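Encoded as structure tokens, the structure appears first; notes follow it.
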Amino acid sequence: MDLKPEWEFVADGVMGGVSSGGMVREMYRGRMATVLRGGVSLDNNGGFVQIAFDLRHDGAGFDASDWDGIELETCGNGELYDIRLRTDQLTQPWESFRSDFIASPEWRSRRVAFDAVEARKTDASFDPAHLRRIGILAIGREFQAEVAVANIRLYRSV
């Protein structure tokens, strides 16, 4: 199922950090994509820039239990990024489920299986029946972020 995200940019300034950046929809290496660019700084307990979207406009959970995971087409500057999933069961902004990937300089399709995501700062188990938000993050170390996402969808294994 193709997703039609309304991406939003978020940086660590919401928590006092000083990372900066932005997002833009543009032609990127031959494909129309949403591109996250920014400088990640660890100053003031910061350390991230991200693009993210809610699966439902009202922010409620979406039942993704009929699918096996998320597939996305990415390209970028060869750095390591996180895919972060949030469910409506999580109550704190630092709680999530995640997987990481390298944004290679060539366009690549990547699959993130729901049963392979790792819980981060929560004891909850990931339940795709409660999927609420998907994010792409540059996080945890000082670097210049540049990652593009052309398509994102839910997939079923054959």
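Labels used: A, B, ... for chains in the order of the structure tokens, numbers from 1 for residues in each chain, and numbers from 1 for ligands as shown.
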Which residues in region 34-158 of chain A does DSSP call strand (DSSP E)? List them as a PyMOL selection string. chain A and resi 34-40+48-54+69-76+80-87+96-102+108-113+118-120+131-139+143-155
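Non-sequential neighbours of Phe62 (chain A) (distance at most 9 Å, separation of 3 or more positions within a chain, only C-alpha atoms) are Leu55, Arg56, Gly59, Ser65, Thr87, Asp88, Pro128, Ala129, His130, Leu131, Arg132 and Arg133 of chain A.
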Restricted to all heavy atoms, what would the selected residues look like written as a compact mmCIF listing (two decimals), in the first residue's frame?
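Result saved to result-v4.txt:
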```txt
# COMPACT_ATOMS: atom_id res chain seq x y z
N LEU A 55 0.36 8.68 10.16
CA LEU A 55 -0.38 7.89 9.18
C LEU A 55 -1.82 8.32 9.05
O LEU A 55 -2.42 8.14 8.00
CB LEU A 55 -0.29 6.39 9.49
CG LEU A 55 1.01 5.79 8.95
CD1 LEU A 55 2.13 5.91 9.94
CD2 LEU A 55 0.81 4.38 8.51
N ARG A 56 -2.36 8.91 10.12
CA ARG A 56 -3.72 9.45 10.06
C ARG A 56 -3.66 10.92 10.43
O ARG A 56 -2.88 11.32 11.29
CB ARG A 56 -4.64 8.71 11.04
CG ARG A 56 -4.89 7.27 10.61
CD ARG A 56 -5.76 6.53 11.56
NE ARG A 56 -6.79 7.38 12.15
CZ ARG A 56 -7.93 6.96 12.64
NH1 ARG A 56 -8.19 5.68 12.63
NH2 ARG A 56 -8.80 7.77 13.17
N GLY A 59 -3.79 11.90 14.06
CA GLY A 59 -2.72 11.45 14.94
C GLY A 59 -2.99 10.13 15.64
O GLY A 59 -2.17 9.66 16.43
N SER A 65 -1.55 -4.13 10.65
CA SER A 65 -1.28 -5.54 10.94
C SER A 65 -1.45 -6.46 9.73
O SER A 65 -0.99 -7.60 9.77
CB SER A 65 -2.15 -6.02 12.11
OG SER A 65 -3.52 -5.86 11.83
N THR A 87 4.00 4.13 17.94
CA THR A 87 2.64 3.61 18.02
C THR A 87 1.84 4.49 18.98
O THR A 87 2.42 5.27 19.73
CB THR A 87 2.62 2.15 18.52
OG1 THR A 87 3.10 2.12 19.87
CG2 THR A 87 3.45 1.24 17.63
N ASP A 88 0.54 4.34 18.95
CA ASP A 88 -0.28 5.14 19.86
C ASP A 88 -0.20 4.61 21.29
O ASP A 88 -0.79 5.18 22.20
CB ASP A 88 -1.73 5.24 19.38
CG ASP A 88 -2.43 3.90 19.24
OD1 ASP A 88 -1.90 2.87 19.70
OD2 ASP A 88 -3.53 3.89 18.66
N PRO A 128 1.98 -3.58 15.10
CA PRO A 128 1.63 -2.81 13.90
C PRO A 128 0.16 -2.40 13.85
O PRO A 128 -0.20 -1.51 13.08
CB PRO A 128 1.99 -3.75 12.75
CG PRO A 128 2.05 -5.10 13.35
CD PRO A 128 2.43 -4.93 14.78
N ALA A 129 -0.68 -2.98 14.68
CA ALA A 129 -2.09 -2.57 14.72
C ALA A 129 -2.24 -1.17 15.32
O ALA A 129 -3.32 -0.59 15.25
CB ALA A 129 -2.92 -3.58 15.52
N HIS A 130 -1.17 -0.63 15.89
CA HIS A 130 -1.22 0.67 16.55
C HIS A 130 -0.22 1.67 15.95
O HIS A 130 0.11 2.66 16.60
CB HIS A 130 -0.94 0.52 18.05
CG HIS A 130 -1.99 -0.27 18.75
ND1 HIS A 130 -3.14 0.31 19.24
CD2 HIS A 130 -2.07 -1.59 19.02
CE1 HIS A 130 -3.88 -0.64 19.78
NE2 HIS A 130 -3.27 -1.80 19.67
N LEU A 131 0.26 1.42 14.72
CA LEU A 131 1.25 2.30 14.09
C LEU A 131 0.68 3.70 13.92
O LEU A 131 -0.43 3.87 13.40
CB LEU A 131 1.67 1.72 12.74
CG LEU A 131 2.77 2.47 12.01
CD1 LEU A 131 4.05 2.52 12.83
CD2 LEU A 131 3.03 1.80 10.66
N ARG A 132 1.41 4.70 14.38
CA ARG A 132 0.93 6.08 14.33
C ARG A 132 1.80 7.00 13.49
O ARG A 132 1.30 7.83 12.75
CB ARG A 132 0.83 6.64 15.76
CG ARG A 132 0.19 8.00 15.84
CD ARG A 132 0.15 8.56 17.24
NE ARG A 132 1.44 8.94 17.76
CZ ARG A 132 2.10 10.05 17.41
NH1 ARG A 132 1.60 10.88 16.54
NH2 ARG A 132 3.26 10.32 17.94
N ARG A 133 3.13 6.86 13.59
CA ARG A 133 4.03 7.84 12.99
C ARG A 133 5.30 7.15 12.47
O ARG A 133 5.78 6.20 13.08
CB ARG A 133 4.40 8.88 14.04
CG ARG A 133 5.17 10.08 13.56
CD ARG A 133 5.19 11.14 14.67
NE ARG A 133 5.98 12.30 14.35
CZ ARG A 133 5.54 13.35 13.66
NH1 ARG A 133 4.29 13.36 13.21
NH2 ARG A 133 6.31 14.39 13.44
```
Do you have the CA of Val112 (chain A)-CA of Arg37 (chain A) distance handy?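 Between CA of Val112 (chain A) and CA of Arg37 (chain A) the gap works out to 22.4 Å.
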So which residues touch Arg141 (chain A) within 12 Å, counting only C-alpha atoms, skipping near sequence neighbours fewer than 2 positions away, as a count of residues only? 20
Polymer residues at most 7 Å from Lys121 (chain A), only C-alpha atoms, same-chain spacing of 4 or more positions, as a PyMOL selection string: chain A and resi 94-96
Keeping only N, CA, C and O atoms, write those residues as a CSV table (one decimal), in the first residue's frame.
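Contents of the output file part.csv:
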```
chain,number,residue,atom,x,y,z
A,94,TRP,N,10.5,10.4,23.6
A,94,TRP,CA,11.8,9.6,23.3
A,94,TRP,C,11.6,8.1,23.1
A,94,TRP,O,12.5,7.4,22.7
A,95,GLU,N,10.4,7.6,23.3
A,95,GLU,CA,10.1,6.2,23.0
A,95,GLU,C,9.8,6.0,21.6
A,95,GLU,O,9.2,6.8,20.9
A,96,SER,N,10.4,4.8,21.0
A,96,SER,CA,10.1,4.5,19.6
A,96,SER,C,10.5,3.1,19.4
A,96,SER,O,11.1,2.4,20.2
```
Selection near Ser104 (chain A), 9 Å with only C-alpha atoms, sequence-local residues under 3 positions removed, as an NGL selection string: :A and (74-79 or 101 or 107-108 or 147)
Dump as a PDB file, in the first residue's frame, selection limited to all heavy atoms:
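To be explicit, this is the file written out as part_17.pdb:
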```pdb
ATOM      1  N   THR A  74      15.392   5.170  -0.952  1.00  0.00           N
ATOM      2  CA  THR A  74      16.220   6.226  -0.391  1.00  0.00           C
ATOM      3  C   THR A  74      17.506   6.407  -1.189  1.00  0.00           C
ATOM      4  O   THR A  74      17.943   5.521  -1.910  1.00  0.00           O
ATOM      5  CB  THR A  74      16.597   5.931   1.073  1.00  0.00           C
ATOM      6  OG1 THR A  74      17.381   4.738   1.119  1.00  0.00           O
ATOM      7  CG2 THR A  74      15.369   5.787   1.948  1.00  0.00           C
ATOM      8  N   CYS A  75      18.091   7.574  -0.971  1.00  0.00           N
ATOM      9  CA  CYS A  75      19.356   7.934  -1.590  1.00  0.00           C
ATOM     10  C   CYS A  75      19.962   9.004  -0.692  1.00  0.00           C
ATOM     11  O   CYS A  75      19.232   9.691   0.032  1.00  0.00           O
ATOM     12  CB  CYS A  75      19.078   8.483  -2.994  1.00  0.00           C
ATOM     13  SG  CYS A  75      20.522   8.822  -4.001  1.00  0.00           S
ATOM     14  N   GLY A  76      21.261   9.169  -0.711  1.00  0.00           N
ATOM     15  CA  GLY A  76      21.831  10.220   0.130  1.00  0.00           C
ATOM     16  C   GLY A  76      23.336  10.292   0.089  1.00  0.00           C
ATOM     17  O   GLY A  76      23.967   9.960  -0.915  1.00  0.00           O
ATOM     18  N   ASN A  77      23.895  10.680   1.221  1.00  0.00           N
ATOM     19  CA  ASN A  77      25.324  10.992   1.292  1.00  0.00           C
ATOM     20  C   ASN A  77      26.177   9.888   1.916  1.00  0.00           C
ATOM     21  O   ASN A  77      27.298  10.134   2.340  1.00  0.00           O
ATOM     22  CB  ASN A  77      25.518  12.302   2.070  1.00  0.00           C
ATOM     23  CG  ASN A  77      25.012  12.223   3.496  1.00  0.00           C
ATOM     24  OD1 ASN A  77      24.417  11.243   3.911  1.00  0.00           O
ATOM     25  ND2 ASN A  77      25.245  13.289   4.254  1.00  0.00           N
ATOM     26  N   GLY A  78      25.669   8.682   1.986  1.00  0.00           N
ATOM     27  CA  GLY A  78      26.446   7.561   2.500  1.00  0.00           C
ATOM     28  C   GLY A  78      26.494   7.457   4.014  1.00  0.00           C
ATOM     29  O   GLY A  78      27.217   6.622   4.551  1.00  0.00           O
ATOM     30  N   GLU A  79      25.710   8.267   4.710  1.00  0.00           N
ATOM     31  CA  GLU A  79      25.699   8.254   6.175  1.00  0.00           C
ATOM     32  C   GLU A  79      24.618   7.301   6.704  1.00  0.00           C
ATOM     33  O   GLU A  79      23.722   6.888   5.985  1.00  0.00           O
ATOM     34  CB  GLU A  79      25.427   9.663   6.715  1.00  0.00           C
ATOM     35  CG  GLU A  79      26.529  10.654   6.428  1.00  0.00           C
ATOM     36  CD  GLU A  79      27.763  10.479   7.314  1.00  0.00           C
ATOM     37  OE1 GLU A  79      27.712   9.704   8.288  1.00  0.00           O
ATOM     38  OE2 GLU A  79      28.775  11.136   7.028  1.00  0.00           O
ATOM     39  N   PHE A 101      19.746   2.410   8.531  1.00  0.00           N
ATOM     40  CA  PHE A 101      20.149   2.132   7.154  1.00  0.00           C
ATOM     41  C   PHE A 101      21.187   3.151   6.728  1.00  0.00           C
ATOM     42  O   PHE A 101      21.286   4.235   7.293  1.00  0.00           O
ATOM     43  CB  PHE A 101      18.934   2.161   6.207  1.00  0.00           C
ATOM     44  CG  PHE A 101      18.345   3.534   6.007  1.00  0.00           C
ATOM     45  CD1 PHE A 101      18.695   4.306   4.892  1.00  0.00           C
ATOM     46  CD2 PHE A 101      17.451   4.059   6.920  1.00  0.00           C
ATOM     47  CE1 PHE A 101      18.147   5.567   4.725  1.00  0.00           C
ATOM     48  CE2 PHE A 101      16.898   5.317   6.746  1.00  0.00           C
ATOM     49  CZ  PHE A 101      17.255   6.076   5.650  1.00  0.00           C
ATOM     50  N   TRP A 107      20.074   5.350  -5.684  1.00  0.00           N
ATOM     51  CA  TRP A 107      18.737   5.017  -5.192  1.00  0.00           C
ATOM     52  C   TRP A 107      18.666   3.530  -4.872  1.00  0.00           C
ATOM     53  O   TRP A 107      19.101   2.695  -5.658  1.00  0.00           O
ATOM     54  CB  TRP A 107      17.681   5.379  -6.239  1.00  0.00           C
ATOM     55  CG  TRP A 107      17.412   6.841  -6.251  1.00  0.00           C
ATOM     56  CD1 TRP A 107      17.842   7.755  -7.176  1.00  0.00           C
ATOM     57  CD2 TRP A 107      16.666   7.578  -5.283  1.00  0.00           C
ATOM     58  NE1 TRP A 107      17.424   9.006  -6.834  1.00  0.00           N
ATOM     59  CE2 TRP A 107      16.686   8.934  -5.677  1.00  0.00           C
ATOM     60  CE3 TRP A 107      15.988   7.235  -4.121  1.00  0.00           C
ATOM     61  CZ2 TRP A 107      16.052   9.929  -4.946  1.00  0.00           C
ATOM     62  CZ3 TRP A 107      15.357   8.221  -3.403  1.00  0.00           C
ATOM     63  CH2 TRP A 107      15.387   9.556  -3.814  1.00  0.00           C
ATOM     64  N   ARG A 108      18.122   3.211  -3.691  1.00  0.00           N
ATOM     65  CA  ARG A 108      17.938   1.823  -3.277  1.00  0.00           C
ATOM     66  C   ARG A 108      16.587   1.662  -2.600  1.00  0.00           C
ATOM     67  O   ARG A 108      16.124   2.547  -1.898  1.00  0.00           O
ATOM     68  CB  ARG A 108      19.009   1.416  -2.268  1.00  0.00           C
ATOM     69  CG  ARG A 108      20.383   1.385  -2.881  1.00  0.00           C
ATOM     70  CD  ARG A 108      21.166   0.198  -2.386  1.00  0.00           C
ATOM     71  NE  ARG A 108      22.427   0.152  -3.103  1.00  0.00           N
ATOM     72  CZ  ARG A 108      23.599   0.153  -2.529  1.00  0.00           C
ATOM     73  NH1 ARG A 108      23.690   0.166  -1.233  1.00  0.00           N
ATOM     74  NH2 ARG A 108      24.688   0.110  -3.254  1.00  0.00           N
ATOM     75  N   VAL A 147      19.559  13.088   3.176  1.00  0.00           N
ATOM     76  CA  VAL A 147      18.895  11.834   2.833  1.00  0.00           C
ATOM     77  C   VAL A 147      17.593  12.165   2.118  1.00  0.00           C
ATOM     78  O   VAL A 147      16.862  13.062   2.521  1.00  0.00           O
ATOM     79  CB  VAL A 147      18.670  10.940   4.080  1.00  0.00           C
ATOM     80  CG1 VAL A 147      17.827  11.639   5.128  1.00  0.00           C
ATOM     81  CG2 VAL A 147      18.061   9.603   3.698  1.00  0.00           C
TER      82      VAL A 147
END
```
